[in-house]
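*Asks:* My structure is in my_file.cif, and what it holds is mmCIF, C-alpha atoms:
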data_input
loop_
_atom_site.group_PDB
_atom_site.id
_atom_site.type_symbol
_atom_site.label_atom_id
_atom_site.label_comp_id
_atom_site.auth_asym_id
_atom_site.auth_seq_id
_atom_site.Cartn_x
_atom_site.Cartn_y
_atom_site.Cartn_z
ATOM 1 C CA MET A 25 0.000 0.000 0.000
ATOM 2 C CA ALA A 26 1.194 3.523 -0.787
ATOM 3 C CA LYS A 27 2.421 5.612 2.148
ATOM 4 C CA GLY A 28 -0.084 8.283 1.218
ATOM 5 C CA ILE A 29 -2.225 9.734 -1.562
ATOM 6 C CA LEU A 30 -2.043 13.452 -2.249
ATOM 7 C CA VAL A 31 -4.797 15.111 -4.281
ATOM 8 C CA GLY A 32 -3.393 18.234 -5.940
ATOM 9 C CA GLU A 33 -6.592 20.283 -6.232
ATOM 10 C CA PRO A 34 -6.203 24.017 -5.486
ATOM 11 C CA THR A 35 -5.974 24.857 -1.779
ATOM 12 C CA ASP A 36 -3.405 27.706 -1.878
ATOM 13 C CA LEU A 37 -1.035 24.943 -0.704
ATOM 14 C CA ARG A 38 -2.894 24.597 2.567
ATOM 15 C CA VAL A 39 -3.755 21.077 3.739
ATOM 16 C CA ALA A 40 -7.433 20.148 3.427
ATOM 17 C CA TRP A 41 -8.601 17.291 5.620
ATOM 18 C CA LYS A 42 -12.318 17.721 5.008
ATOM 19 C CA GLU A 43 -14.367 18.340 1.871
ATOM 20 C CA LYS A 44 -17.958 18.069 0.702
ATOM 21 C CA GLY A 45 -19.576 15.417 -1.433
ATOM 22 C CA VAL A 46 -21.500 16.290 -4.573
ATOM 23 C CA SER A 47 -24.825 15.094 -5.948
ATOM 24 C CA ARG A 48 -26.304 16.157 -9.278
ATOM 25 C CA LEU A 49 -30.052 15.715 -9.586
ATOM 26 C CA ALA A 50 -32.625 16.313 -12.320
ATOM 27 C CA LEU A 51 -35.950 17.684 -11.065
ATOM 28 C CA THR A 52 -38.753 17.470 -13.644
ATOM 29 C CA ALA A 53 -42.197 19.098 -13.575
ATOM 30 C CA HIS A 54 -44.894 17.905 -15.970
ATOM 31 C CA GLY A 55 -47.859 19.697 -17.529
ATOM 32 C CA ILE A 56 -50.175 19.518 -20.534
ATOM 33 C CA ALA A 57 -49.329 21.085 -23.880
ATOM 34 C CA ALA A 58 -51.783 23.491 -25.517
ATOM 35 C CA HIS A 59 -51.769 26.407 -27.934
ATOM 36 C CA ALA A 60 -50.605 29.606 -26.250
ATOM 37 C CA SER A 61 -53.779 31.359 -27.419
ATOM 38 C CA MET A 62 -55.801 28.941 -25.266
ATOM 39 C CA PRO A 63 -53.699 28.431 -22.134
ATOM 40 C CA TRP A 64 -56.732 27.261 -20.144
ATOM 41 C CA LYS A 65 -56.660 24.054 -22.164
ATOM 42 C CA GLY A 66 -53.121 23.260 -21.002
ATOM 43 C CA ASP A 67 -51.153 23.026 -17.805
ATOM 44 C CA ASN A 68 -47.909 25.012 -17.713
ATOM 45 C CA ALA A 69 -44.963 22.875 -16.546
ATOM 46 C CA ILE A 70 -42.741 25.942 -16.104
ATOM 47 C CA MET A 71 -45.200 27.406 -13.622
ATOM 48 C CA HIS A 72 -45.203 24.084 -11.776
ATOM 49 C CA MET A 73 -41.420 24.270 -11.621
ATOM 50 C CA THR A 74 -41.460 27.794 -10.177
ATOM 51 C CA HIS A 75 -43.736 26.470 -7.433
ATOM 52 C CA LEU A 76 -41.375 23.559 -6.730
ATOM 53 C CA LEU A 77 -38.395 25.908 -6.500
ATOM 54 C CA ASP A 78 -40.337 28.189 -4.157
ATOM 55 C CA ARG A 79 -40.831 25.177 -1.897
ATOM 56 C CA LEU A 80 -37.084 24.483 -2.048
ATOM 57 C CA ALA A 81 -36.162 28.105 -1.237
ATOM 58 C CA PRO A 82 -35.068 27.353 2.370
ATOM 59 C CA MET A 83 -32.556 24.803 1.045
ATOM 60 C CA LEU A 84 -31.256 27.256 -1.583
ATOM 61 C CA ARG A 85 -30.086 29.849 0.943
ATOM 62 C CA VAL A 86 -26.372 30.274 1.647
ATOM 63 C CA PRO A 87 -25.643 28.716 5.069
ATOM 64 C CA GLU A 88 -23.594 30.340 7.821
ATOM 65 C CA GLY A 89 -20.952 27.605 7.614
ATOM 66 C CA PRO A 90 -20.334 26.908 3.901
ATOM 67 C CA THR A 91 -18.035 23.942 4.598
ATOM 68 C CA ASP A 92 -20.180 22.464 7.373
ATOM 69 C CA ASP A 93 -23.717 22.665 5.968
ATOM 70 C CA LEU A 94 -25.590 21.409 2.930
ATOM 71 C CA THR A 95 -25.790 23.790 -0.024
ATOM 72 C CA LEU A 96 -28.141 23.419 -2.978
ATOM 73 C CA VAL A 97 -27.945 25.303 -6.282
ATOM 74 C CA VAL A 98 -30.304 25.413 -9.264
ATOM 75 C CA SER A 99 -27.705 25.289 -12.027
ATOM 76 C CA THR A 100 -29.808 25.036 -15.219
ATOM 77 C CA ILE A 101 -33.482 25.166 -16.217
ATOM 78 C CA ASN A 102 -34.908 23.919 -19.505
ATOM 79 C CA GLY A 103 -38.593 24.089 -20.332
ATOM 80 C CA GLY A 104 -40.863 24.427 -23.329
ATOM 81 C CA THR A 105 -40.315 23.856 -27.031
ATOM 82 C CA ARG A 106 -41.831 26.869 -28.843
ATOM 83 C CA ASN A 107 -43.087 30.334 -27.980
ATOM 84 C CA ASN A 108 -46.666 29.548 -28.999
ATOM 85 C CA ILE A 109 -47.046 26.314 -26.992
ATOM 86 C CA VAL A 110 -47.895 25.909 -23.317
ATOM 87 C CA PRO A 111 -44.929 23.823 -22.064
ATOM 88 C CA GLU A 112 -45.643 20.261 -20.979
ATOM 89 C CA ARG A 113 -42.231 19.646 -19.428
ATOM 90 C CA CYS A 114 -39.649 21.618 -17.445
ATOM 91 C CA GLU A 115 -36.396 20.292 -15.991
ATOM 92 C CA ALA A 116 -34.135 21.928 -13.427
ATOM 93 C CA GLN A 117 -30.647 20.660 -12.696
ATOM 94 C CA LEU A 118 -29.813 20.726 -8.989
ATOM 95 C CA ASN A 119 -26.279 20.630 -7.602
ATOM 96 C CA ALA A 120 -26.017 19.633 -3.927
ATOM 97 C CA ARG A 121 -22.841 19.830 -1.831
ATOM 98 C CA TYR A 122 -22.974 18.069 1.509
ATOM 99 C CA PRO A 123 -20.583 17.468 4.414
ATOM 100 C CA TYR A 124 -19.543 14.127 5.888
ATOM 101 C CA PRO A 125 -21.257 11.950 7.120
ATOM 102 C CA LEU A 126 -24.295 13.072 5.090
ATOM 103 C CA THR A 127 -24.880 10.957 1.973
ATOM 104 C CA ALA A 128 -26.313 11.697 -1.467
ATOM 105 C CA ARG A 129 -29.291 9.461 -0.690
ATOM 106 C CA GLU A 130 -30.061 11.455 2.458
ATOM 107 C CA VAL A 131 -29.850 14.696 0.473
ATOM 108 C CA ARG A 132 -32.356 13.352 -2.063
ATOM 109 C CA GLU A 133 -34.669 12.266 0.762
ATOM 110 C CA ARG A 134 -34.441 15.740 2.329
ATOM 111 C CA ILE A 135 -35.444 17.338 -0.988
ATOM 112 C CA MET A 136 -38.361 14.937 -1.323
ATOM 113 C CA ARG A 137 -39.570 15.688 2.206
ATOM 114 C CA THR A 138 -39.455 19.399 1.390
ATOM 115 C CA LEU A 139 -41.557 18.766 -1.737
ATOM 116 C CA GLU A 140 -44.001 16.409 -0.035
ATOM 117 C CA GLY A 141 -47.447 16.554 -1.628
ATOM 118 C CA GLU A 142 -46.153 17.888 -4.974
ATOM 119 C CA THR A 143 -46.077 16.045 -8.307
ATOM 120 C CA TYR A 144 -42.658 15.762 -9.956
ATOM 121 C CA ASP A 145 -39.861 13.369 -10.922
ATOM 122 C CA ILE A 146 -36.388 13.460 -9.400
ATOM 123 C CA VAL A 147 -33.407 11.455 -10.633
ATOM 124 C CA MET A 148 -29.919 11.348 -9.144
ATOM 125 C CA GLN A 149 -27.524 11.573 -12.084
ATOM 126 C CA TYR A 150 -24.164 11.606 -10.319
ATOM 127 C CA GLU A 151 -22.744 11.380 -6.819
ATOM 128 C CA LEU A 152 -19.348 11.570 -5.135
ATOM 129 C CA PRO A 153 -19.162 10.971 -1.370
ATOM 130 C CA ALA A 154 -17.982 13.533 1.136
ATOM 131 C CA PHE A 155 -14.494 13.083 2.596
ATOM 132 C CA GLU A 156 -13.115 13.626 6.059
ATOM 133 C CA THR A 157 -9.968 12.362 7.752
ATOM 134 C CA SER A 158 -8.051 13.172 10.912
ATOM 135 C CA PRO A 159 -5.704 16.182 10.826
ATOM 136 C CA ASP A 160 -3.319 14.029 12.872
ATOM 137 C CA THR A 161 -2.591 11.397 10.213
ATOM 138 C CA SER A 162 1.071 10.774 9.413
ATOM 139 C CA LEU A 163 0.608 12.079 5.838
ATOM 140 C CA ILE A 164 -0.847 15.394 6.966
ATOM 141 C CA GLN A 165 1.786 15.854 9.646
ATOM 142 C CA GLU A 166 4.530 15.184 7.081
ATOM 143 C CA LEU A 167 2.970 17.738 4.718
ATOM 144 C CA LEU A 168 2.985 20.372 7.441
ATOM 145 C CA ALA A 169 6.579 19.502 8.339
ATOM 146 C CA CYS A 170 7.600 19.917 4.685
ATOM 147 C CA GLY A 171 6.288 23.482 4.592
ATOM 148 C CA ALA A 172 2.649 23.196 3.512
ATOM 149 C CA GLY A 173 0.295 25.902 4.735
ATOM 150 C CA GLU A 174 -2.136 25.633 7.613
ATOM 151 C CA LEU A 175 -4.930 23.102 7.920
ATOM 152 C CA THR A 176 -8.158 23.973 6.118
ATOM 153 C CA THR A 177 -11.477 22.588 4.923
ATOM 154 C CA VAL A 178 -12.919 23.085 1.442
ATOM 155 C CA PRO A 179 -16.498 23.216 0.080
ATOM 156 C CA TYR A 180 -15.767 21.411 -3.199
ATOM 157 C CA ALA A 181 -15.360 17.711 -4.022
ATOM 158 C CA THR A 182 -12.355 15.736 -5.273
ATOM 159 C CA GLU A 183 -11.544 12.045 -5.666
ATOM 160 C CA ALA A 184 -10.228 11.949 -2.075
ATOM 161 C CA ALA A 185 -13.275 9.992 -0.887
ATOM 162 C CA VAL A 186 -12.713 7.379 -3.603
ATOM 163 C CA TYR A 187 -9.043 6.957 -2.724
ATOM 164 C CA SER A 188 -9.720 6.828 1.024
ATOM 165 C CA ALA A 189 -11.855 3.725 0.542
ATOM 166 C CA ILE A 190 -8.602 1.934 -0.361
ATOM 167 C CA ASN A 191 -5.975 3.892 1.575
ATOM 168 C CA PRO A 192 -6.889 5.972 4.662
ATOM 169 C CA LEU A 193 -3.827 8.212 4.263
ATOM 170 C CA VAL A 194 -5.264 10.855 1.934
ATOM 171 C CA ALA A 195 -4.967 14.650 1.922
ATOM 172 C CA VAL A 196 -5.798 17.480 -0.480
ATOM 173 C CA CYS A 197 -3.093 20.070 -1.111
ATOM 174 C CA GLY A 198 -2.346 21.885 -4.332
ATOM 175 C CA PRO A 199 -1.404 25.206 -5.951
ATOM 176 C CA GLY A 200 -4.032 27.727 -6.937
ATOM 177 C CA SER A 201 -6.821 29.535 -5.163
ATOM 178 C CA PRO A 202 -10.137 27.695 -4.684
ATOM 179 C CA GLY A 203 -11.908 31.010 -5.262
ATOM 180 C CA MET A 204 -10.577 31.110 -8.837
ATOM 181 C CA ALA A 205 -12.303 27.853 -9.819
ATOM 182 C CA HIS A 206 -14.544 28.165 -12.919
ATOM 183 C CA THR A 207 -14.057 31.927 -13.116
ATOM 184 C CA LYS A 208 -13.132 33.964 -16.166
ATOM 185 C CA ASP A 209 -9.375 33.899 -16.883
ATOM 186 C CA GLU A 210 -8.736 31.261 -14.210
ATOM 187 C CA TYR A 211 -5.007 31.003 -13.461
ATOM 188 C CA VAL A 212 -2.410 29.736 -10.971
ATOM 189 C CA GLU A 213 0.415 31.954 -9.739
ATOM 190 C CA ARG A 214 3.838 30.786 -10.912
ATOM 191 C CA TYR A 215 5.303 30.989 -7.422
ATOM 192 C CA GLN A 216 2.626 28.563 -6.207
ATOM 193 C CA LEU A 217 3.533 26.063 -8.922
ATOM 194 C CA GLU A 218 7.182 26.307 -7.931
ATOM 195 C CA SER A 219 6.327 25.970 -4.248
ATOM 196 C CA ALA A 220 4.150 22.939 -4.974
ATOM 197 C CA TYR A 221 7.012 21.292 -6.883
ATOM 198 C CA ARG A 222 9.368 21.735 -3.937
ATOM 199 C CA LEU A 223 6.732 20.589 -1.454
ATOM 200 C CA TYR A 224 5.899 17.433 -3.398
ATOM 201 C CA CYS A 225 9.568 16.542 -3.874
ATOM 202 C CA ASP A 226 10.338 17.033 -0.170
ATOM 203 C CA LEU A 227 7.314 14.961 0.811
ATOM 204 C CA ALA A 228 8.271 12.126 -1.555
ATOM 205 C CA ARG A 229 11.796 12.033 -0.110
ATOM 206 C CA LYS A 230 10.497 11.931 3.469
ATOM 207 C CA LEU A 231 8.001 9.169 2.698
ATOM 208 C CA GLN A 232 10.720 7.090 1.025
ATOM 209 C CA GLY A 233 12.975 7.369 4.046
#
Show how you would write the structure in this file as structure tokens.
*Replies:*
Amino acid sequence: MAKGILVGEPTDLRVAWKEKGVSRLALTAHGIAAHASMPWKGDNAIMHMTHLLDRLAPMLRVPEGPTDDLTLVVSTINGGTRNNIVPERCEAQLNARYPYPLTAREVRERIMRTLEGETYDIVMQYELPAFETSPDTSLIQELLACGAGELTTVPYATEAAVYSAINPLVAVCGPGSPGMAHTKDEYVERYQLESAYRLYCDLARKLQG
């Protein structure tokens, strides 16, 4: 077994020992198509969706502890086919981020409890478990001794949870600012790349010793 697994996602070279899981869900509202000149003969799926999202509003608020609480985002909405037709279908993509030990199944159940009594479909399309380890593991202590930054927690997801199912010695530490992720002109400072190179080399030498 390897002496440790280091995930190089951006942490500003701090050592992350805790991160959220991710679940992507498709929420679908159904209606009845009709000509837009006679809307009373149809049932507008988009309006049903707005009602569903109103019910979910408490879960869509930003929590006080972003790395400790569940967050839910409506990332895309797609409904209707033409301007002159009452839409019979509307789909919203939901992106949930949840802390350990919460699971994707529990998140889905929480959404369904919030929407109790409504008519809709919900499908989980993707999930990655949340990850948490002890800050006192030998790998993390070696990282700190080699010059990594302070301990931290992050709100995003990596493959750390997958690796930890095989090897418990896992940490997340990499160059780049987490706040830059998926922003326009995303970049990593050169000095961070150079610092990461030195850090990884020093860590590899210590683990080989």
*Asks:* May I have the protein, DNA and RNA residues with any atom at most 12 Å from the point (-32.8, 21.9, -10.1), counting all atoms listed in the file, written as a ChimeraX atom specification?
*Replies:* /A:47-53,73-74,76-81,83-84,96-103,114-120,132,135,144-149
*Asks:* Please compute the atom CA of A:Gly233-atom CA of A:Glu33 distance, one decimal, in Å.
*Replies:* 25.6 Å
*Asks:* Would you mind reading off the distance between atom CA of A:Glu210 and atom CA of A:Gly198, one decimal, in Å?
*Replies:*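 Atom-to-atom, atom CA of A:Glu210 and atom CA of A:Gly198 are spaced 15.0 Å apart.
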*Asks:* Extract, using only C-alpha atoms, all DNA, RNA and protein residues at most 12 Å from A:Thr105, discarding same-chain residues fewer than 3 positions from it, and format them as a list in words.
*Replies:* Ala57, Ala58, His59, Ala60, Ala69, Ile70, Asn102, Asn108, Ile109, Val110, Pro111, Glu112, Arg113 and Cys114 of chain A
*Asks:* Could you work out how far atom CA of A:Glu88 lies from atom CA of A:Tyr124, giving the answer in Å with one decimal?
*Replies:*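 The value is 16.8 Å.
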*Asks:* Assuming the chain letters and numbering stay as they are in my file, what does the PyMOL selection byres ((chain A and resi 126) around 12) actually select? List them as a ChimeraX atom specification.
*Replies:* /A:43-47,92-95,120-125,127-134,152-156
*Asks:* List the residues matched by the PyMOL selection byres ((chain A and resi 164-174) around 7) in the displayed structure as a JSON list (two decimals) with C-alpha atoms, in the frame of the given file, ordered by chain and then by residue number.
*Replies:*
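After the write, part-v6.json holds the following:
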[["chain", "number", "residue", "atom", "x", "y", "z"],
["A", 37, "LEU", "CA", -1.03, 24.94, -0.70],
["A", 38, "ARG", "CA", -2.89, 24.60, 2.57],
["A", 39, "VAL", "CA", -3.76, 21.08, 3.74],
["A", 159, "PRO", "CA", -5.70, 16.18, 10.83],
["A", 160, "ASP", "CA", -3.32, 14.03, 12.87],
["A", 161, "THR", "CA", -2.59, 11.40, 10.21],
["A", 162, "SER", "CA", 1.07, 10.77, 9.41],
["A", 163, "LEU", "CA", 0.61, 12.08, 5.84],
["A", 175, "LEU", "CA", -4.93, 23.10, 7.92],
["A", 176, "THR", "CA", -8.16, 23.97, 6.12],
["A", 195, "ALA", "CA", -4.97, 14.65, 1.92],
["A", 223, "LEU", "CA", 6.73, 20.59, -1.45],
["A", 226, "ASP", "CA", 10.34, 17.03, -0.17],
["A", 227, "LEU", "CA", 7.31, 14.96, 0.81]]
*Asks:* At a cut-off of 7 Å, using all atoms listed in the file, what residues contact A:Val178? Leave out same-chain residues fewer than 4 positions from it and give the result as a PyMOL selection string.
*Replies:* chain A and resi 40+42-43+91
*Asks:* Kindly indicate which residue among A:Leu231, A:Pro82, A:Gly141, A:Pro199 lies nearest to A:Glu218, using all atoms listed in the file for the distances.
*Replies:*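 Using all atoms listed in the file, A:Glu218 sits closest to A:Pro199.
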*Asks:* Expand the PyMOL selection byres ((chain A and resi 182) around 8) into the explicit residue set it covers here, and present it as a ChimeraX atom specification.
*Replies:* /A:31,33,43,180-181,183-185
